[in-house]
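Peer 1: I'd like to ask you about the structure that follows.
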Amino acid sequence: MNSRIAKLLALACFSAAFSQSPASAADALVLMTDFGTSDGAVSAMRGVAYGVDPKLSVSDLTHQIPDYDIWLGAYRLYQTANYWPQGSVFVSVVDPGVGTSRKSVVLKTRGGRYFVGPDNGLFTLIAERDGVAELREIDEKVNRLAGSAESYTFHGRDVYAYVGARLASGQISYQQVGPQLPVEAVVKLDYQKPARQGNVLRGIIPVLDEKYGNVWTNIPKSLLDELNVGVGDQVQVRILHKGKQVGKYVAPFHHTFGGVPKGQPLVYLNSLLEVAVAISQGSFAAKHHVGSGLDWQVELSKPGK
Amino acid sequence: MNSRIAKLLALACFSAAFSQSPASAADALVLMTDFGTSDGAVSAMRGVAYGVDPKLSVSDLTHQIPDYDIWLGAYRLYQTANYWPQGSVFVSVVDPGVGTSRKSVVLKTRGGRYFVGPDNGLFTLIAERDGVAELREIDEKVNRLAGSAESYTFHGRDVYAYVGARLASGQISYQQVGPQLPVEAVVKLDYQKPARQGNVLRGIIPVLDEKYGNVWTNIPKSLLDELNVGVGDQVQVRILHKGKQVGKYVAPFHHTFGGVPKGQPLVYLNSLLEVAVAISQGSFAAKHHVGSGLDWQVELSKPGK
Amino acid sequence: MNSRIAKLLALACFSAAFSQSPASAADALVLMTDFGTSDGAVSAMRGVAYGVDPKLSVSDLTHQIPDYDIWLGAYRLYQTANYWPQGSVFVSVVDPGVGTSRKSVVLKTRGGRYFVGPDNGLFTLIAERDGVAELREIDEKVNRLAGSAESYTFHGRDVYAYVGARLASGQISYQQVGPQLPVEAVVKLDYQKPARQGNVLRGIIPVLDEKYGNVWTNIPKSLLDELNVGVGDQVQVRILHKGKQVGKYVAPFHHTFGGVPKGQPLVYLNSLLEVAVAISQGSFAAKHHVGSGLDWQVELSKPGK
C-alpha cells in the first residue's frame, strides 16, 4: 500500500521535475535584423519562436542594421556574441538575396554558439574569430513553419526564427538542422585583416561608434603591444579610403578620455580591446570626415619611425 | 508512520509542482502602443505586468504606431497575431479617446487569442478575419491597478496592462474580465473589403512596406488565383485616392524580386499572402507618390480585359 | 524499506523544488542607458546578465536617454520604478564620467528596490522620494565580469549589468555588493523642490511629455489640493526660465483633455498625479516655446489672488 503510494509519488515528483526541464534547458534566442521595429515583422518572428516554446528567452540584438548592410550585421554579431552564454542561438536576418539561391545555414562555433541565417557573409567575423566547429544547411522540407510553403519573401519568420527556436528549446538537435557542409564553405567577406609589417600596424575601420563619432579599428591590443605603446606615448594614425590617404594624425595613447583635455584627440582601446581614435567630448569622425566599412583602411605607427 | 510521511511528501510534491505551474501555464503578453520607447510609459506598463506575475513572458509588438492611428494599429494586430500561440494576450493602446466614454474591452477570437484595449476600431481586422468568439467590457471596479483610481489619462498602465497580465497569468478567467457584450457590438472601421467584380479585383492599400517603399494591398492570393494569374503574367494595377485615379501600371507577377531586372516593377504576394506592388531594389511608393490608408483604393485586372 | 524510499523521495522532491528556486526567486532586471539600440552595447549587457542566470527576466526601461543627460535619466527612474515589483534591480548607465573617480554604487530604497550605476546624480529623485535604506559601493575586485579587467570604457557591461544580474538572481546578497557608504553620501542634483508659499505653488518643469507637447511639473496633487482647485476652476500658470518669466497663462483644471474644446489649454494631473499643462489636441510646449530641465521653473496660483 505505502509502497504503491511511494511509486505514485516517485512518478509525481519526477514528472514534475521533467515538466520544468525545458525551461531549465532552453538556451537564449537572440534576434538581429535590418527590419526596424516600427512594423510587425520582428513581432511575427517572436510569435513563431514562442509558438515553438513559450518558455524561450528571446532577446533583440538590434533591428537597426542599415538595409542590406551585411558587413555591419557581421560586425554586430562579432561585437556581442561572446558576451552571451555558450549554447545561445543567434537568428540573423540581413538578407538582400531572400528568394535567391543563397544557402540558409546554421553555423556552430568552436565556442558552442549557433548562428542561423543566410550564408551571405553575415558570419564572416564570427567564423574567423571563433572558428567554425560545424556548418549545416537548413533542410526546409522538415524545418519550416507549417503552412508557410507559399511565402517566399520572409525566411526570417518562416525558416530562421522557427529553426532557431527549435534549436534553442532543444526540440531538434544540431544534427537535425540539415545536411552538413564543409566548414570552409561558409561565405566570407574579404577585407584587410589586422597585421603588423615592421613598425606599422594595418587594419580597417570596421565601424564608427556613431553616437560619439569615435573611430574604431580592427587592430587588437596584442598588436599595439608589439609596438610597445604605453600610456601617454604618441601614436601616428594614417587613415586611407580605397588606398588613398585622407588624413594623418598624431595622438597620445590613454586608457580613458579623461587622459587628454576636452577637444584633444587620443588613441585608446575600445570595449573590444581594439584600437580606437577619438576626440575627448568631440567627434573625430565628423571633424575629419571619416567613414567606415571595407574601403576604409588605417595604419598605426610610432611617429618618426 | 510511513503513510503520514507519504502524505507529507504528497503535499510537498504537489505544492512544489503547483508553485511552478504559473510559469508553465502563463500565456504570452504582447504590448502595442503609440507611445514610442523614449520615455517611461511602456516600462511602467511592463512593471505592472511583472507585478502581477514575475514569470510572465512580455513582448513588444511595436510602440511606433503613429499617434492615434487606430487603423495602422488594427493592421499591425492583423499582421502578427496569428503567428503567436493560442491563448496569447495582446494589450493594444492607441487611444485618442482615453478618458471619454469609449468602452474598454477584452475581445476573444475564435482562434482563442485575447485582445485588450479601447473599443475604438483597433480590433476591426482581427474581428473580421478571425471572428469574435466573445466580447467583454472590463469592469474597472475589480480590474484596475490598486491605487490608480485618481489617474485618468493612462489606462494603458492602470487598466489594460494590469488586466492583460492577470488574464495571461491565469489569475483571472476570461469571464472575470467583466460583463459580456454582444459580439456584433465591437466597433469596426469602414473600408473597401477585398472583392472581385467580373475580371476586376478591388481593395485598398492598408499600409506601405515603408522601409522598402512596397505597396501592400488587402487583396488575398485566393482572389488573384480567380483571375488565373501565373508567374510571368502581366497584371494591370490601378491606384485611386478617394475614388480618383492617381496611377495605372502594368507589371508581371513573380514570387520574388529576382524575377524582374533592377528598377523594374513587379506584382507579388507579401508575407501575408496578399497582393503587393514593388520596384525591384527601388521604391514604388516614392516614385509614384502612393500613400496608404482607408482613402487609398486599388484595382487589379489582366491588361486588355 | 518504505521509510528509506520515503527519504529518497523527500530528497528528490526538495531538490527538485530547489533546482527551480532560482527561477522562482529571480527578481526583474531593468536596463536604462543613453546608448540607443542601433549598435551592440545593450545586447552585450543582456548577454552578460543571461550568462549570470539564463532564467533572468531582463527588460528595457529605455535606451533613448539623451547623451549624458543625468537629470532625464533620474526622472525616468522616478517615473517608472514604483510600478515594478519590490526587489526589482535597475541598472542605469548615463555615465559621462566613466573611467574617472565617480563611485559605482548600488542604492537600496526603503521600498526594497535596487539601483545600480554611477553615483553621479542619477539616483537623486529615487533617493528623495523613496528614501535610501542603504548605499553600497561596488567592490570591483570581486564584482566584475571575468576577463574584463583591461576594459576601461564600458562599466555598463563589465560591472553594472554583471552586478545587477548577480543581485537579481540571488547569487550575491546586497551585503556582498561591497562596503557600505553613508546613506546621505549619495550624489544629488540641486533643483527647486515643489513648495507652497501662501497661495503660490512653486516647482520646475522636469520634463516635457514630448510626443504631445504637454508640460509636466513636479508639483503634486496634494499641493494643488491645498489651493482648493476643483474641476473647472481657473488656474494661473507662470513659466520662468532661469528665474525670468517667459509666459503667464490662465487655464481651467480638468481630469481629461475632453474637458476643454480642441485647441484650448487646460491644467490636469499627469500619470504621476503631478500637475501638467496642455493644449487639447495641440502642443503647449511648441506653441509657447517651453523647455524642460533644472532651469525651467513654474508657479501656480488662483487668478486674482
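Residues in the C-alpha cells are numbered from 1 in each chain, the chains being A, B, ... in the order shown, and ligands are numbered from 1 in the order shown.
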Can you give me the C-alpha RMSD, to one decimal in Å, for chain B fitted onto chain A with all Cα atoms paired in order?
Peer 2: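 That gives an RMSD of 0.4 Å.
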Peer 1: DSSP says strand (DSSP E or B) for which residues of region 82-274 of chain B? Put them as a ChimeraX atom specification?
Peer 2: /B:89-93,104-109,114-118,132-137,180-181,195-197,200-205,208-209,214-220,234-241,244-253,265-269,274
Peer 1: For the residues selected in the previous step, produce a file with C-alpha atoms as a PDB file, in the first residue's frame.
Peer 2:
ATOM      1  CA  VAL B  89      -2.916  38.206 -24.803  1.00  0.00           C
ATOM      2  CA  PHE B  90      -2.448  41.413 -26.823  1.00  0.00           C
ATOM      3  CA  VAL B  91      -2.600  44.717 -24.957  1.00  0.00           C
ATOM      4  CA  SER B  92      -3.188  47.433 -27.546  1.00  0.00           C
ATOM      5  CA  VAL B  93      -3.157  51.099 -26.661  1.00  0.00           C
ATOM      6  CA  SER B 104     -12.584  49.229 -22.516  1.00  0.00           C
ATOM      7  CA  VAL B 105     -12.903  45.628 -23.646  1.00  0.00           C
ATOM      8  CA  VAL B 106     -11.241  42.259 -23.986  1.00  0.00           C
ATOM      9  CA  LEU B 107     -12.100  40.530 -27.245  1.00  0.00           C
ATOM     10  CA  LYS B 108     -11.629  36.770 -27.578  1.00  0.00           C
ATOM     11  CA  THR B 109     -11.215  35.461 -31.123  1.00  0.00           C
ATOM     12  CA  TYR B 114      -7.257  37.805 -26.432  1.00  0.00           C
ATOM     13  CA  PHE B 115      -7.187  41.500 -27.335  1.00  0.00           C
ATOM     14  CA  VAL B 116      -7.253  44.063 -24.546  1.00  0.00           C
ATOM     15  CA  GLY B 117      -7.791  47.754 -25.183  1.00  0.00           C
ATOM     16  CA  PRO B 118     -10.168  50.545 -26.105  1.00  0.00           C
ATOM     17  CA  VAL B 132     -15.266  37.177 -32.362  1.00  0.00           C
ATOM     18  CA  ALA B 133     -15.910  34.261 -30.008  1.00  0.00           C
ATOM     19  CA  GLU B 134     -16.806  36.581 -27.138  1.00  0.00           C
ATOM     20  CA  LEU B 135     -16.589  40.244 -26.157  1.00  0.00           C
ATOM     21  CA  ARG B 136     -16.435  41.521 -22.578  1.00  0.00           C
ATOM     22  CA  GLU B 137     -16.273  45.017 -21.106  1.00  0.00           C
ATOM     23  CA  GLN B 180     -20.449  40.205 -21.696  1.00  0.00           C
ATOM     24  CA  LEU B 181     -21.282  42.440 -24.673  1.00  0.00           C
ATOM     25  CA  ALA B 195     -13.798  41.785 -53.694  1.00  0.00           C
ATOM     26  CA  ARG B 196     -13.949  40.591 -57.263  1.00  0.00           C
ATOM     27  CA  GLN B 197     -16.352  42.160 -59.743  1.00  0.00           C
ATOM     28  CA  VAL B 200     -11.547  43.290 -61.625  1.00  0.00           C
ATOM     29  CA  LEU B 201     -10.276  42.840 -58.072  1.00  0.00           C
ATOM     30  CA  ARG B 202     -10.983  45.743 -55.726  1.00  0.00           C
ATOM     31  CA  GLY B 203      -9.366  46.567 -52.396  1.00  0.00           C
ATOM     32  CA  ILE B 204      -7.333  49.184 -50.567  1.00  0.00           C
ATOM     33  CA  ILE B 205      -3.723  49.928 -49.751  1.00  0.00           C
ATOM     34  CA  LEU B 208       3.074  50.598 -47.145  1.00  0.00           C
ATOM     35  CA  ASP B 209       6.074  48.400 -46.521  1.00  0.00           C
ATOM     36  CA  ASN B 214       6.489  48.488 -51.446  1.00  0.00           C
ATOM     37  CA  VAL B 215       2.744  48.952 -51.829  1.00  0.00           C
ATOM     38  CA  TRP B 216       0.687  46.323 -49.995  1.00  0.00           C
ATOM     39  CA  THR B 217      -2.975  45.640 -50.726  1.00  0.00           C
ATOM     40  CA  ASN B 218      -5.665  43.764 -48.821  1.00  0.00           C
ATOM     41  CA  ILE B 219      -6.398  41.522 -51.840  1.00  0.00           C
ATOM     42  CA  PRO B 220      -5.640  37.891 -50.950  1.00  0.00           C
ATOM     43  CA  GLN B 234       1.100  40.786 -66.696  1.00  0.00           C
ATOM     44  CA  VAL B 235      -1.205  42.451 -64.165  1.00  0.00           C
ATOM     45  CA  GLN B 236      -2.804  45.892 -64.521  1.00  0.00           C
ATOM     46  CA  VAL B 237      -2.748  47.933 -61.309  1.00  0.00           C
ATOM     47  CA  ARG B 238      -4.979  50.985 -60.910  1.00  0.00           C
ATOM     48  CA  ILE B 239      -4.386  53.134 -57.833  1.00  0.00           C
ATOM     49  CA  LEU B 240      -7.052  55.586 -56.687  1.00  0.00           C
ATOM     50  CA  HIS B 241      -7.183  58.161 -53.904  1.00  0.00           C
ATOM     51  CA  LYS B 244      -9.932  59.353 -58.221  1.00  0.00           C
ATOM     52  CA  GLN B 245      -7.300  57.508 -60.273  1.00  0.00           C
ATOM     53  CA  VAL B 246      -3.763  58.610 -59.461  1.00  0.00           C
ATOM     54  CA  GLY B 247      -1.906  55.974 -61.445  1.00  0.00           C
ATOM     55  CA  LYS B 248      -2.225  52.984 -63.747  1.00  0.00           C
ATOM     56  CA  TYR B 249       0.570  50.454 -64.227  1.00  0.00           C
ATOM     57  CA  VAL B 250       1.233  47.094 -65.784  1.00  0.00           C
ATOM     58  CA  ALA B 251       3.717  44.732 -64.174  1.00  0.00           C
ATOM     59  CA  PRO B 252       4.427  40.986 -64.251  1.00  0.00           C
ATOM     60  CA  PHE B 253       3.584  38.669 -61.371  1.00  0.00           C
ATOM     61  CA  PRO B 265       8.092  46.930 -61.269  1.00  0.00           C
ATOM     62  CA  LEU B 266       6.513  43.635 -60.250  1.00  0.00           C
ATOM     63  CA  VAL B 267       3.383  42.278 -58.610  1.00  0.00           C
ATOM     64  CA  TYR B 268       3.999  39.689 -55.880  1.00  0.00           C
ATOM     65  CA  LEU B 269       2.499  38.151 -52.763  1.00  0.00           C
ATOM     66  CA  GLU B 274      -1.755  39.338 -50.114  1.00  0.00           C
TER      67      GLU B 274
END
Peer 1: Near chain C, meaning an atom within 6 Å, which residues of chain A appear when counting only C-alpha atoms? Write them as a PyMOL selection string.
Peer 2: chain A and resi 13+17+61-62+64+76+80+83-85+256+271
Peer 1: Report as a ChimeraX atom specification: the residues of region 49-244 of chain A with a DSSP assignment of helix (DSSP H, G or I), based on the backbone of this structure.
Peer 2: /A:49-52,70-83,124-130,155-168,174-177,183-185,221-226
